[in-house]
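Asks: Handing you this structure, nothing more for now.
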Amino acid sequence: MRSDTERNRRHLIKAAALLFENSPTPVSLAEIARHAEVSTAPAYRHFSSVEEILHAFRAQVGSEMRDFSARQTTRGMARLEAVSRCWVSLVLEHGGAVAQMRSHRGYLERLREATNYLTPQAEALAEPLRQTAEELGLGDLGDEALYPWNALFDPRDILDLIKSGRTEEEAATRLVAALRGALISWSTADQERNG
C-alpha cells in the first residue's frame with residue numbers, strides 16, 4: 001500500500017476513534033473524513049461505512065492487547081489478570097470509541113466466523129484462558145472460555161464502573177475475580193450436564 005494511502009487510512013481510523021469517544025450522536029463517514037483532513041471519495045475507497053472504520057479501530061486495539069499478551073512471561077491466572085487489566089486500561093484510554101461496537105449477532109457466532117475485529121482480542125486471551133483453566137483444574141473449556149470474559153469485560157460496563165466511582169484498579173480487580181468465579185461455574189455446569 002502506498003504511503004499516502006496508508007497514512008489516510010490511519011488518519012481515518014484515528015479521527016473516527018476521537019469523534020466516537022466524544023460524540024453523543026451518530027457520526028457520519030463524511031464527518032470522519034473532514035476531521036481526518038481526507039476528502040470523502042478516498043475515505044469511501046478505504047471504508048464503505050462507519051461500522052467498517054470502527055471494526056478496523058477495534059482490531060487495532062485488539063492487536064495492542066494481543067501484543068501485550070505475547071510479551072507476558074507469567075502463566076495461568078497471573079497472565080490472564082495482566083491481559084484483562086491491559087484491556088481495562090485500553091477501554092479507559094479509548095473510552096466511547098471502544099464501546100461503540102454493537103452487533104445483532106452473538107459473540108460466539110462472530111468469533112467462530114473469525115470476525116476480523118474480534119480475532120486479535122481472542123488471540124490475546126486464548127492461551128491465558130487455557131492456562132487458567134488448566135491451573136484451576138477445570139479441563140478444556142475451548143473457545144467458550146471467551147464467552148464469560150466477553151460478558152464481564154464489556155467496555156460499556158467497564159466505563160459504567162468507573163463512572164460509578166470505582167478506580168481502574170478496583171474495577172479490574174473485581175472483574176478478574178468475577179471472571180475466575182465465572183470460569184469455575186461454567187466448568188461445573190458442563191460437568192454436571194455431562195456427569
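Residues are named by chain letter and number: chains run A, B, ... in the order of the C-alpha cells, numbers start at 1 in each chain, and ligands are numbered from 1 in the order shown.
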Fewer than 6 positions away in the same chain doesn't count, so skip those; otherwise give me all residues within 12 Å of Leu29 (chain A), counting only C-alpha atoms, as a list in words.
Replies: Leu12, Ile13, Ala15, Ala16, Leu19, Phe20, His35, Ala36, Val38, Ser39, Thr40, Ala41, Pro42, Ala43, Tyr44, Arg45, His46, Phe47, Ser48, Ser49, Val50, Glu51, Glu52, Ile53 and Leu54 of chain A
Asks: Considering only C-alpha atoms, return as a list in words whatever protein or nucleic-acid residues lie within 8 Å of Arg130 (chain A), sequence-local ones (same chain, fewer than 4 positions apart) excluded.
Replies: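 Final neighbour list, sorted by chain and number: Gly76, Ala126, Glu134, Asp140, Leu141 and Gly142 of chain A.
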Asks: Taking N, CA and C atoms for each residue, export the selection above as a PDB file, in the first residue's frame.
Replies:
```pdb
ATOM      1  N   GLY A  76      -1.004 -18.738  33.328  1.00  0.00           N
ATOM      2  CA  GLY A  76      -2.253 -19.003  34.015  1.00  0.00           C
ATOM      3  C   GLY A  76      -2.988 -17.753  34.451  1.00  0.00           C
ATOM      4  N   ALA A 126      -6.665 -16.436  24.351  1.00  0.00           N
ATOM      5  CA  ALA A 126      -6.763 -17.889  24.213  1.00  0.00           C
ATOM      6  C   ALA A 126      -5.815 -18.650  25.135  1.00  0.00           C
ATOM      7  N   GLU A 134      -6.508 -24.833  33.089  1.00  0.00           N
ATOM      8  CA  GLU A 134      -5.627 -25.934  33.498  1.00  0.00           C
ATOM      9  C   GLU A 134      -5.193 -25.749  34.956  1.00  0.00           C
ATOM     10  N   ASP A 140     -10.648 -28.576  29.610  1.00  0.00           N
ATOM     11  CA  ASP A 140     -10.609 -27.731  28.416  1.00  0.00           C
ATOM     12  C   ASP A 140     -11.964 -27.064  28.208  1.00  0.00           C
ATOM     13  N   LEU A 141     -12.003 -25.748  28.322  1.00  0.00           N
ATOM     14  CA  LEU A 141     -13.241 -25.000  28.110  1.00  0.00           C
ATOM     15  C   LEU A 141     -13.390 -24.551  26.662  1.00  0.00           C
ATOM     16  N   GLY A 142     -12.340 -24.724  25.874  1.00  0.00           N
ATOM     17  CA  GLY A 142     -12.381 -24.333  24.468  1.00  0.00           C
ATOM     18  C   GLY A 142     -12.635 -22.842  24.306  1.00  0.00           C
TER      19      GLY A 142
END
```
Asks: So that I can see what lies close to Trp149 (chain A), please list as an mmCIF file with C-alpha atoms, in the first residue's frame the residues with an atom at most 9 Å from it, counting only C-alpha atoms and leaving out residues fewer than 5 positions away in the same chain.
Replies:
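Everything below was put into around_13.cif:
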```
data_model
loop_
_atom_site.group_PDB
_atom_site.id
_atom_site.type_symbol
_atom_site.label_atom_id
_atom_site.label_comp_id
_atom_site.auth_asym_id
_atom_site.auth_seq_id
_atom_site.Cartn_x
_atom_site.Cartn_y
_atom_site.Cartn_z
ATOM 1 C CA SER A 84 -7.525 -8.371 31.404
ATOM 2 C CA LEU A 125 -6.878 -14.339 25.571
ATOM 3 C CA ASP A 154 -17.822 -5.256 28.034
ATOM 4 C CA LEU A 175 -13.855 -8.089 37.115
ATOM 5 C CA VAL A 176 -10.937 -10.531 37.294
ATOM 6 C CA LEU A 179 -14.140 -13.977 35.802
ATOM 7 C CA ALA A 182 -17.492 -17.490 36.184
ATOM 8 C CA LEU A 183 -14.942 -19.875 34.684
#
```
Asks: I need the helix (DSSP H, G or I) residues of region 75-156 of chain A per DSSP on the backbone, written as a compact mmCIF listing (two decimals) with C-alpha atoms, in the first residue's frame.
Replies:
```txt
# COMPACT_ATOMS: atom_id res chain seq x y z
CA GLY A 76 -2.25 -19.00 34.01
CA MET A 77 -4.34 -16.74 36.20
CA ALA A 78 -1.50 -14.22 36.62
CA ARG A 79 -1.20 -13.82 32.85
CA LEU A 80 -4.98 -13.71 32.39
CA GLU A 81 -5.21 -11.00 35.03
CA ALA A 82 -2.44 -8.96 33.37
CA VAL A 83 -4.10 -9.20 29.95
CA SER A 84 -7.53 -8.37 31.40
CA ARG A 85 -6.08 -5.34 33.20
CA CYS A 86 -4.50 -4.29 29.91
CA TRP A 87 -7.97 -4.39 28.35
CA VAL A 88 -9.44 -2.25 31.13
CA SER A 89 -6.67 0.30 30.54
CA LEU A 90 -7.30 0.26 26.79
CA VAL A 91 -11.02 0.81 27.36
CA LEU A 92 -10.28 3.77 29.62
CA GLU A 93 -7.78 5.14 27.12
CA HIS A 94 -10.17 4.89 24.17
CA GLY A 96 -16.56 5.66 23.96
CA ALA A 97 -14.86 4.62 20.74
CA VAL A 98 -14.38 1.06 22.02
CA ALA A 99 -17.89 0.98 23.47
CA TYR A 107 -20.33 -13.12 20.38
CA LEU A 108 -19.50 -16.81 19.84
CA GLU A 109 -21.11 -16.78 16.39
CA ARG A 110 -18.98 -13.81 15.33
CA LEU A 111 -15.88 -15.28 16.97
CA ARG A 112 -16.27 -18.63 15.23
CA THR A 119 -9.67 -12.15 16.24
CA PRO A 120 -6.76 -10.19 17.82
CA GLN A 121 -8.56 -9.99 21.17
CA ALA A 122 -9.36 -13.72 21.07
CA GLU A 123 -5.72 -14.45 20.25
CA ALA A 124 -4.64 -12.35 23.23
CA LEU A 125 -6.88 -14.34 25.57
CA ALA A 126 -6.76 -17.89 24.21
CA GLU A 127 -3.58 -19.06 25.90
CA PRO A 128 -4.10 -17.23 29.22
CA LEU A 129 -7.61 -18.69 29.46
CA ARG A 130 -6.39 -22.19 28.57
CA GLN A 131 -3.61 -21.95 31.15
CA THR A 132 -6.02 -20.62 33.79
CA ALA A 133 -8.49 -23.46 33.18
CA GLU A 134 -5.63 -25.93 33.50
CA GLU A 135 -4.31 -24.22 36.65
CA GLY A 142 -12.38 -24.33 24.47
CA ASP A 143 -13.42 -21.08 22.91
CA GLU A 144 -16.41 -20.91 25.26
CA ALA A 145 -13.99 -19.63 27.93
CA LEU A 146 -14.02 -16.40 25.94
CA TYR A 147 -17.76 -16.01 26.48
CA PRO A 148 -17.72 -15.12 30.21
CA TRP A 149 -14.67 -12.91 29.64
CA ASN A 150 -16.54 -11.02 26.92
CA ALA A 151 -19.66 -10.68 29.07
CA LEU A 152 -17.73 -9.33 32.06
CA PRO A 155 -16.42 -1.74 27.51
CA ARG A 156 -19.76 -0.11 28.34
```
Asks: Provide the CA of Arg9 (chain A) to CA of Arg34 (chain A) distance in Å, to one decimal place.
Replies: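 Calculated distance between CA of Arg9 (chain A) and CA of Arg34 (chain A) is 13.1 Å.
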Asks: Taking only C-alpha atoms into account, which of A:Ile162, A:Ala59, A:Val27, A:Ala171 comes nearest Ala114 (chain A)?
Replies: A:Ala59
Asks: For the atom pair CA of Trp186 (chain A) and CA of Ser69 (chain A), what is the interatomic distance in Å to one decimal place?
Replies: 23.5 Å
Asks: What does the distance from CA of Tyr117 (chain A) to CA of His104 (chain A) come to in Å, to one decimal?
Replies: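 Here the two named atoms are 15.3 Å from each other.
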Asks: Check the smallest atom-to-atom distance from each of A:Ala33, A:Ala177, A:Gly95, A:Thr74 to Ala17 (chain A) using only C-alpha atoms, then report the winner.
Replies: A:Gly95
Asks: Can you work out which one of A:Thr167, A:Thr188, A:Thr115, A:Thr173 has the shortest atom-to-atom distance to Leu138 (chain A), counting only C-alpha atoms?
Replies: A:Thr188
